[in-house]
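Next comes final03.txt, with compact mmCIF, C-alpha atoms.
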# COMPACT_ATOMS: atom_id res chain seq x y z
CA MET U 1 -5.34 12.91 -8.20
CA ASN U 2 -6.18 11.32 -11.50
CA GLU U 3 -9.65 10.18 -12.39
CA LYS U 4 -9.38 6.53 -11.51
CA ASN U 5 -8.43 7.37 -7.93
CA ASN U 6 -11.26 9.75 -7.25
CA ALA U 7 -13.46 7.19 -5.56
CA LEU U 8 -10.81 6.50 -2.99
CA CYS U 9 -10.06 10.14 -2.41
CA GLU U 10 -13.58 10.62 -1.23
CA LYS U 11 -12.68 8.87 2.03
CA HIS U 12 -9.49 10.85 2.48
CA ARG U 13 -11.07 14.22 1.90
CA ASP U 14 -12.95 13.77 5.12
CA MET U 15 -9.69 13.44 7.03
CA CYS U 16 -6.82 15.59 5.94
CA SER U 17 -6.16 18.88 4.26
CA ILE U 18 -3.15 17.41 2.42
CA SER U 19 -5.50 14.93 0.75
CA ARG U 20 -8.03 17.61 -0.07
CA SER U 21 -5.31 19.81 -1.54
CA ILE U 22 -3.91 17.07 -3.73
CA ASP U 23 -7.39 16.30 -4.85
CA LYS U 24 -8.07 19.91 -5.83
CA ILE U 25 -4.81 20.40 -7.65
CA GLY U 26 -5.09 17.31 -9.80
CA ASP U 27 -2.17 15.41 -11.23
CA SER U 28 1.43 16.20 -12.07
CA TRP U 29 0.46 18.04 -15.25
CA SER U 30 -1.43 20.54 -13.15
CA LEU U 31 1.74 21.33 -11.23
CA LEU U 32 3.61 21.97 -14.46
CA ILE U 33 0.78 24.19 -15.73
CA LEU U 34 0.95 26.24 -12.52
CA ARG U 35 4.73 26.47 -12.86
CA ASP U 36 4.43 27.80 -16.41
CA LEU U 37 1.78 30.34 -15.43
CA SER U 38 3.96 31.53 -12.57
CA ASN U 39 6.77 31.98 -15.06
CA GLY U 40 4.80 34.32 -17.30
CA LEU U 41 2.98 32.10 -19.78
CA SER U 42 -0.77 32.50 -20.08
CA LYS U 43 -2.07 31.62 -23.55
CA TYR U 44 -3.41 28.16 -24.27
CA GLU U 45 -1.09 27.81 -27.27
CA GLU U 46 1.94 28.82 -25.21
CA LEU U 47 1.13 26.22 -22.59
CA LYS U 48 0.57 23.55 -25.22
CA ASN U 49 3.96 24.26 -26.80
CA SER U 50 5.79 24.56 -23.53
CA LEU U 51 4.44 21.39 -21.96
CA GLU U 52 4.15 19.25 -25.10
CA ILE U 53 1.03 17.89 -23.52
CA PRO U 54 -1.84 16.23 -25.41
CA PRO U 55 -4.38 19.02 -26.06
CA ALA U 56 -7.24 17.03 -24.54
CA THR U 57 -5.23 16.59 -21.34
CA LEU U 58 -4.29 20.26 -21.22
CA SER U 59 -7.90 21.36 -21.73
CA LYS U 60 -9.12 19.00 -19.03
CA ARG U 61 -6.49 20.10 -16.50
CA LEU U 62 -7.10 23.80 -17.22
CA SER U 63 -10.85 23.37 -16.81
CA ALA U 64 -10.31 21.55 -13.53
CA LEU U 65 -7.99 24.27 -12.22
CA VAL U 66 -10.54 26.93 -13.23
CA GLY U 67 -13.27 24.87 -11.55
CA GLU U 68 -11.26 24.67 -8.33
CA GLY U 69 -10.71 28.42 -8.36
CA LEU U 70 -6.94 28.46 -8.99
CA LEU U 71 -7.22 30.04 -12.45
CA THR U 72 -9.52 32.29 -14.39
CA LYS U 73 -10.06 31.87 -18.11
CA GLU U 74 -10.14 34.96 -20.28
CA ILE U 75 -11.09 35.03 -23.95
CA TYR U 76 -8.66 37.50 -25.51
CA GLN U 77 -9.66 37.00 -29.16
CA ASP U 78 -13.02 36.05 -30.64
CA ASN U 79 -12.37 34.88 -34.15
CA PRO U 80 -10.83 32.37 -33.98
CA PRO U 81 -11.48 32.08 -30.25
CA ARG U 82 -8.34 32.18 -28.12
CA ALA U 83 -8.12 31.89 -24.37
CA LYS U 84 -5.57 32.76 -21.76
CA TYR U 85 -5.36 31.67 -18.16
CA VAL U 86 -4.44 33.75 -15.15
CA LEU U 87 -3.63 32.70 -11.61
CA THR U 88 -6.20 33.78 -9.02
CA ASP U 89 -5.16 34.56 -5.45
CA ILE U 90 -5.89 30.92 -4.62
CA GLY U 91 -3.58 29.85 -7.43
CA LYS U 92 -0.89 32.31 -6.38
CA ASP U 93 -1.03 30.91 -2.86
CA PHE U 94 0.00 27.55 -4.32
CA LEU U 95 3.28 28.89 -5.77
CA PRO U 96 5.30 28.23 -2.58
CA VAL U 97 4.61 24.51 -3.02
CA LEU U 98 6.35 24.58 -6.41
CA ALA U 99 9.32 26.44 -4.96
CA ILE U 100 9.77 23.89 -2.19
CA ILE U 101 9.49 21.04 -4.71
CA MET U 102 12.23 22.79 -6.69
CA MET U 103 14.47 22.98 -3.64
CA TRP U 104 14.14 19.24 -3.14
CA GLY U 105 14.80 18.65 -6.83
CA ASN U 106 17.90 20.82 -6.80
CA LYS U 107 19.27 18.70 -3.99
CA HIS U 108 18.10 15.25 -5.04
CA ALA U 109 17.04 15.27 -8.67
CA SER U 110 19.74 17.29 -10.40
CA PRO U 111 22.60 14.87 -11.10
CA ASN U 112 24.09 17.21 -13.71
CA GLY U 113 23.93 20.32 -11.52
CA ILE U 114 21.54 23.22 -11.01
CA ASP U 115 19.37 24.35 -13.93
CA THR U 116 16.46 25.89 -12.03
CA GLN U 117 16.70 28.66 -9.47
CA LEU U 118 14.36 31.12 -7.87
CA VAL U 119 15.34 34.69 -8.60
CA ASP U 120 13.79 38.05 -7.87
CA SER U 121 11.80 39.00 -10.98
CA LYS U 122 13.31 42.51 -11.02
CA THR U 123 16.88 42.16 -9.79
CA HIS U 124 17.36 38.54 -10.95
CA LYS U 125 19.19 37.91 -7.70
CA LYS U 126 18.95 34.43 -6.29
CA VAL U 127 16.32 33.80 -3.63
CA VAL U 128 16.83 30.77 -1.38
CA PRO U 129 13.69 29.79 0.50
CA ILE U 130 13.98 28.40 3.99
CA ILE U 131 11.05 27.39 6.13
CA VAL U 132 10.93 28.80 9.63
CA ASP U 133 8.47 28.64 12.49
CA ARG U 134 6.45 31.85 12.57
CA GLU U 135 6.66 31.99 16.35
CA THR U 136 10.35 31.32 16.95
CA GLY U 137 11.87 32.28 13.59
CA LYS U 138 13.91 29.08 13.70
CA GLU U 139 14.26 26.74 10.73
CA ILE U 140 11.83 23.86 11.13
CA ASP U 141 13.19 20.33 11.50
CA PHE U 142 10.41 18.41 9.78
CA THR U 143 11.49 15.12 11.30
CA LYS U 144 10.41 16.55 14.66
CA ILE U 145 6.90 17.56 13.79
CA ILE U 146 3.72 15.53 13.35
CA TYR U 147 0.30 16.22 11.86
CA ALA U 148 -2.21 16.66 14.66
CA GLY U 149 -5.94 17.15 14.22
CA GLY U 150 -7.82 20.37 14.73
CA PRO U 151 -11.14 21.89 15.78
CA ALA U 152 -12.90 20.67 12.62
CA ASN U 153 -11.97 16.98 12.99
CA SER U 154 -14.63 14.73 11.50
CA PRO U 155 -15.84 11.78 13.64
CA GLY U 156 -13.84 9.46 11.33
CA LYS U 157 -10.73 11.52 11.86
CA ILE U 158 -11.13 11.58 15.66
CA LYS U 159 -11.40 7.77 15.64
CA ARG U 160 -8.27 7.44 13.54
CA LEU U 161 -6.21 9.93 15.54
CA LYS U 162 -7.16 8.15 18.80
CA GLU U 163 -6.19 4.77 17.34
CA ARG U 164 -2.79 6.13 16.47
CA GLY U 165 -2.21 8.15 19.62
CA ILE U 166 -1.95 11.40 17.68
CA PRO U 167 -3.22 14.57 19.42
CA LEU U 168 -6.70 15.70 18.41
CA ASN U 169 -5.58 19.31 18.53
CA ALA U 170 -2.50 21.42 19.13
CA ALA U 171 -1.48 21.99 22.75
CA LYS U 172 -2.37 25.37 24.26
CA MET P 1 3.77 11.29 -12.78
CA ASN P 2 1.69 8.31 -13.75
CA GLU P 3 2.76 5.73 -16.28
CA LYS P 4 0.98 7.04 -19.32
CA ASN P 5 2.74 10.38 -19.01
CA ASN P 6 6.26 9.07 -18.73
CA ALA P 7 7.08 9.48 -22.39
CA LEU P 8 6.35 13.17 -22.19
CA CYS P 9 8.21 13.65 -18.97
CA GLU P 10 11.38 12.54 -20.67
CA LYS P 11 11.49 15.89 -22.45
CA HIS P 12 10.79 17.87 -19.30
CA ARG P 13 13.40 16.13 -17.21
CA ASP P 14 16.00 17.75 -19.37
CA MET P 15 14.73 21.19 -18.43
CA CYS P 16 13.54 21.69 -14.91
CA SER P 17 14.10 20.34 -11.46
CA ILE P 18 10.41 20.71 -10.63
CA SER P 19 9.63 18.27 -13.45
CA ARG P 20 12.34 15.87 -12.37
CA SER P 21 11.09 15.98 -8.79
CA ILE P 22 7.50 15.30 -9.75
CA ASP P 23 8.73 12.48 -11.91
CA LYS P 24 10.68 10.90 -9.09
CA ILE P 25 7.95 11.23 -6.51
CA GLY P 26 5.24 9.67 -8.63
CA ASP P 27 1.57 10.37 -8.28
CA SER P 28 -0.71 11.63 -5.55
CA TRP P 29 -0.70 8.28 -3.76
CA SER P 30 3.02 8.65 -3.24
CA LEU P 31 2.44 11.94 -1.44
CA LEU P 32 -0.08 10.29 0.87
CA ILE P 33 2.34 7.41 1.55
CA LEU P 34 5.05 9.90 2.48
CA ARG P 35 2.61 11.73 4.73
CA ASP P 36 1.70 8.53 6.56
CA LEU P 37 5.35 7.54 6.99
CA SER P 38 6.12 10.99 8.38
CA ASN P 39 3.29 10.50 10.83
CA GLY P 40 4.71 7.31 12.29
CA LEU P 41 3.32 4.49 10.16
CA SER P 42 5.78 2.06 8.62
CA LYS P 43 4.30 -1.40 8.10
CA TYR P 44 2.82 -2.37 4.77
CA GLU P 45 -0.41 -3.46 6.46
CA GLU P 46 -0.71 -0.16 8.33
CA LEU P 47 -0.30 1.79 5.11
CA LYS P 48 -2.84 -0.39 3.33
CA ASN P 49 -5.41 0.17 6.05
CA SER P 50 -4.70 3.86 6.41
CA LEU P 51 -4.84 4.71 2.74
CA GLU P 52 -7.51 2.22 1.64
CA ILE P 53 -5.47 1.87 -1.50
CA PRO P 54 -5.56 -1.13 -3.87
CA PRO P 55 -2.69 -3.41 -2.75
CA ALA P 56 -1.20 -3.57 -6.25
CA THR P 57 -1.07 0.23 -6.37
CA LEU P 58 0.47 0.47 -2.92
CA SER P 59 3.15 -2.11 -3.77
CA LYS P 60 3.99 -0.35 -7.01
CA ARG P 61 4.26 3.08 -5.38
CA LEU P 62 6.35 1.76 -2.50
CA SER P 63 8.74 0.00 -4.90
CA ALA P 64 9.06 3.19 -6.93
CA LEU P 65 9.81 5.28 -3.85
CA VAL P 66 12.41 2.71 -2.74
CA GLY P 67 13.86 2.75 -6.26
CA GLU P 68 14.12 6.54 -6.19
CA GLY P 69 15.89 6.43 -2.84
CA LEU P 70 13.18 8.04 -0.69
CA LEU P 71 12.45 4.90 1.33
CA THR P 72 14.19 1.77 2.46
CA LYS P 73 12.37 -1.54 2.78
CA GLU P 74 13.05 -3.69 5.81
CA ILE P 75 11.79 -7.21 6.30
CA TYR P 76 10.81 -7.37 9.97
CA GLN P 77 9.27 -10.86 9.96
CA ASP P 78 10.13 -13.89 7.84
CA ASN P 79 7.22 -16.26 8.12
CA PRO P 80 4.90 -14.99 6.81
CA PRO P 81 7.10 -12.28 5.29
CA ARG P 82 6.25 -8.75 6.46
CA ALA P 83 7.89 -5.53 5.38
CA LYS P 84 8.12 -2.06 6.75
CA TYR P 85 9.22 1.14 5.06
CA VAL P 86 11.38 3.87 6.49
CA LEU P 87 12.12 7.35 5.14
CA THR P 88 15.72 7.88 4.04
CA ASP P 89 17.36 11.30 4.31
CA ILE P 90 16.18 11.95 0.74
CA GLY P 91 12.63 11.08 1.80
CA LYS P 92 12.86 13.21 4.94
CA ASP P 93 13.98 16.15 2.82
CA PHE P 94 10.66 15.91 0.99
CA LEU P 95 8.58 16.45 4.15
CA PRO P 96 8.58 20.27 3.85
CA VAL P 97 6.66 19.90 0.57
CA LEU P 98 3.84 18.13 2.40
CA ALA P 99 3.75 20.80 5.08
CA ILE P 100 3.46 23.59 2.54
CA ILE P 101 0.71 21.69 0.70
CA MET P 102 -1.07 21.45 4.05
CA MET P 103 -0.81 25.20 4.61
CA TRP P 104 -2.47 25.80 1.25
CA GLY P 105 -5.14 23.23 2.05
CA ASN P 106 -5.88 24.79 5.42
CA LYS P 107 -6.48 28.09 3.69
CA HIS P 108 -8.25 26.95 0.52
CA ALA P 109 -9.44 23.37 0.93
CA SER P 110 -10.92 23.29 4.40
CA PRO P 111 -14.47 24.61 4.10
CA ASN P 112 -15.44 23.06 7.45
CA GLY P 113 -12.45 24.42 9.33
CA ILE P 114 -9.01 23.15 10.34
CA ASP P 115 -8.51 19.41 10.88
CA THR P 116 -4.78 19.14 10.13
CA GLN P 117 -2.03 21.07 11.88
CA LEU P 118 1.70 20.76 12.26
CA VAL P 119 2.71 20.34 15.88
CA ASP P 120 6.00 19.68 17.62
CA SER P 121 6.20 15.92 18.15
CA LYS P 122 7.19 16.36 21.81
CA THR P 123 5.36 19.43 23.07
CA HIS P 124 2.41 19.16 20.66
CA LYS P 125 2.57 22.93 20.28
CA LYS P 126 1.47 24.32 16.96
CA VAL P 127 4.18 25.06 14.41
CA VAL P 128 3.29 27.52 11.64
CA PRO P 129 5.71 27.38 8.71
CA ILE P 130 6.54 30.54 6.84
CA ILE P 131 8.95 30.73 3.95
CA VAL P 132 11.66 33.36 4.14
CA ASP P 133 14.63 34.30 2.00
CA ARG P 134 17.79 32.86 3.55
CA GLU P 135 19.68 36.05 2.81
CA THR P 136 17.27 38.70 4.03
CA GLY P 137 15.10 36.72 6.46
CA LYS P 138 12.05 38.35 4.89
CA GLU P 139 8.96 36.37 3.93
CA ILE P 140 9.07 35.62 0.21
CA ASP P 141 6.38 37.07 -2.06
CA PHE P 142 6.17 34.31 -4.63
CA THR P 143 4.39 36.52 -7.13
CA LYS P 144 7.64 38.48 -7.39
CA ILE P 145 10.01 35.67 -8.18
CA ILE P 146 10.65 33.73 -11.37
CA TYR P 147 12.44 30.50 -12.21
CA ALA P 148 15.76 31.30 -13.86
CA GLY P 149 18.19 28.77 -15.29
CA GLY P 150 21.49 27.78 -13.76
CA PRO P 151 25.01 26.59 -14.53
CA ALA P 152 23.79 23.14 -15.63
CA ASN P 153 21.30 24.38 -18.24
CA SER P 154 20.93 21.89 -21.10
CA PRO P 155 21.13 23.26 -24.66
CA GLY P 156 17.34 22.77 -24.92
CA LYS P 157 16.80 24.75 -21.78
CA ILE P 158 19.06 27.61 -22.89
CA LYS P 159 17.07 27.86 -26.11
CA ARG P 160 13.79 27.95 -24.22
CA LEU P 161 14.95 30.49 -21.65
CA LYS P 162 16.21 32.80 -24.41
CA GLU P 163 12.94 32.52 -26.31
CA ARG P 164 11.08 33.61 -23.20
CA GLY P 165 13.49 36.28 -22.05
CA ILE P 166 14.16 34.48 -18.75
CA PRO P 167 17.67 34.85 -17.28
CA LEU P 168 20.01 31.92 -17.94
CA ASN P 169 21.41 32.26 -14.44
CA ALA P 170 20.97 34.25 -11.25
CA ALA P 171 22.54 37.73 -11.18
CA LYS P 172 25.83 38.08 -9.27

Show me this structure written as structure tokens.
Amino acid sequence: MNEKNNALCEKHRDMCSISRSIDKIGDSWSLLILRDLSNGLSKYEELKNSLEIPPATLSKRLSALVGEGLLTKEIYQDNPPRAKYVLTDIGKDFLPVLAIIMMWGNKHASPNGIDTQLVDSKTHKKVVPIIVDRETGKEIDFTKIIYAGGPANSPGKIKRLKERGIPLNAAK
Amino acid sequence: MNEKNNALCEKHRDMCSISRSIDKIGDSWSLLILRDLSNGLSKYEELKNSLEIPPATLSKRLSALVGEGLLTKEIYQDNPPRAKYVLTDIGKDFLPVLAIIMMWGNKHASPNGIDTQLVDSKTHKKVVPIIVDRETGKEIDFTKIIYAGGPANSPGKIKRLKERGIPLNAAK
């Protein structure tokens, strides 16, 4: 979420972990930074060249991602000072989001054909992610699911879920 | 991607379906709009109240999502004119991204506990998405995959992949 929207996000954070996630990750640049780190880049200069991003924007996004615990910053040279960035476990846990965005893009945003594929880093064999229900092992039809509340619903969230007739919690 | 970044995105669109996807979807507000539509809202007024978003921003994001083919706009009342928005198949295909963002948020952005869960829309039973390889059925370890190129690599992308030692295509 970019700066000018932060005031509004405040209200959403109280309600929904999707909102809180988006808020922690930042804007679209942050997603591209995470993609590059997952693909082996780490040095500030490498990221700057890869993304062709204004340096002030890159520095701000990197600091935010460090602040939110997705990256650590390591100084690898003192004079002149040079930093590299490494995904933490929290950052690594975000990588599936990028992969699922890619799958959508390969289907709906690749008019010239496929130029981005997940492959095993050792064998280079193609990996095609599908999303299944942990319980049943069946592929999830996302048009047949809804977002219910949970045990940590805030009072504001309970009010909103009731207004909309959405369950406050999952069924037993 | 918000307006001020569009010029830079131009270069990325040539390279990576993650970039093109992010570019098509728009900013964080767009993600929240898609979430609300997936949860049963459709009318402009409902979205405005749910998101507490400036009307000009909401209108702009909705128009962009319609323009990119994720939503259709339907006028359901003429006087005064009232519109509702419905996910297209392209929009529905994006729903898994929101679910995977939620999973991350439940793990890393829910300090007070869980307040957002996927449930079956009929049974209200909890659905826990896991991402498996279509071929092997095994859960994917995203720290052990990389983004290779593909048959539709642009010349710019081939150059970049070679520089980084990333495969131009998946192995046979």

Could you put an axis-aligned box around every listed atom of range 90-106 of chain U, padded by 8 Å on each side, and send me its centre and edge lengths in Å to one decimal, as JSON?
{"center_x": 6.0, "center_y": 25.5, "center_z": -4.8, "size_x": 39.8, "size_y": 29.7, "size_z": 21.2}

CA of Lys125 in chain U to CA of Arg160 in chain P, distance in Å rounded to a single decimal: 20.0 Å

What gap, in Å, lies between CA of Gly91 in chain U and CA of Leu71 in chain U? 6.2 Å

Got a sec: who's within 8 Å of Leu70 in chain P, counting only C-alpha atoms, leaving out chain neighbours fewer than 4 positions off, as a list in words?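 Surrounding residues, per the criterion: Leu65, Val66, Leu87, Thr88, Asp89, Ile90, Gly91 and Lys92 of chain P.
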
Report as an MDAnalysis selection string all protein, DNA and RNA residues lying within 10 Å of Gly26 in chain U, evaluated on all atoms listed in the file, omitting residues in the same chain fewer than 3 positions from it. (chainID U and resid 1:3 21:23 29:31 61 64:65 68) or (chainID P and resid 27:28)

List the spatial neighbours of Asp133 in chain U as a tab-separated table (two decimals) with C-alpha atoms, in the coordinates of the input - criterion: any atom at most 9 Å away, all atoms listed in the file, same-chain residues fewer than 6 positions off excluded.
chain	number	residue	atom	x	y	z
U	139	GLU	CA	14.26	26.74	10.73
U	140	ILE	CA	11.83	23.86	11.13
P	127	VAL	CA	4.18	25.06	14.41
P	128	VAL	CA	3.29	27.52	11.64
P	129	PRO	CA	5.71	27.38	8.71
P	130	ILE	CA	6.54	30.54	6.84
P	131	ILE	CA	8.95	30.73	3.95

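Look at Leu98 in chain P: the protein and nucleic acid residues within 8 Å of it, using only C-alpha atoms and passing over chain neighbours fewer than 3 places away, are Ile18 of chain U; Leu31, Arg35, Phe94, Leu95, Ile101 and Met102 of chain P.
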
I want to know what sits within 7 Å of Ala152 in chain P, based on all atoms listed in the file, with residues of the same chain fewer than 5 positions away left out; could you give that as JSON, numbers by chain? {"U": [112, 113, 114, 115]}

Residues just named, written with C-alpha atoms as a compact mmCIF listing (two decimals), keeping the file's coordinate frame:
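Result written to result.txt:
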# COMPACT_ATOMS: atom_id res chain seq x y z
CA ASN U 112 24.09 17.21 -13.71
CA GLY U 113 23.93 20.32 -11.52
CA ILE U 114 21.54 23.22 -11.01
CA ASP U 115 19.37 24.35 -13.93

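Atom pair CA of Ile25 in chain U / CA of Ala148 in chain U has a distance of 22.8 Å (rounded to one decimal).
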
Option closest in space to Met15 in chain P, from U:Ile158, U:Met103, U:Ile53, U:Ala109 [counting all atoms listed in the file]: U:Ala109

For chain P, which residue out of U:Lys73, U:Lys48, U:Lys126, U:Lys162 is the nearest one, using only C-alpha atoms?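 Looking only at the distances to chain P, the closest residue turns out to be U:Lys126.
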
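When all atoms listed in the file are used to compute distances to chain U, the closest of the residues P:Ile33, P:Ala56, P:Leu51, P:Ala83 turns out to be P:Leu51.
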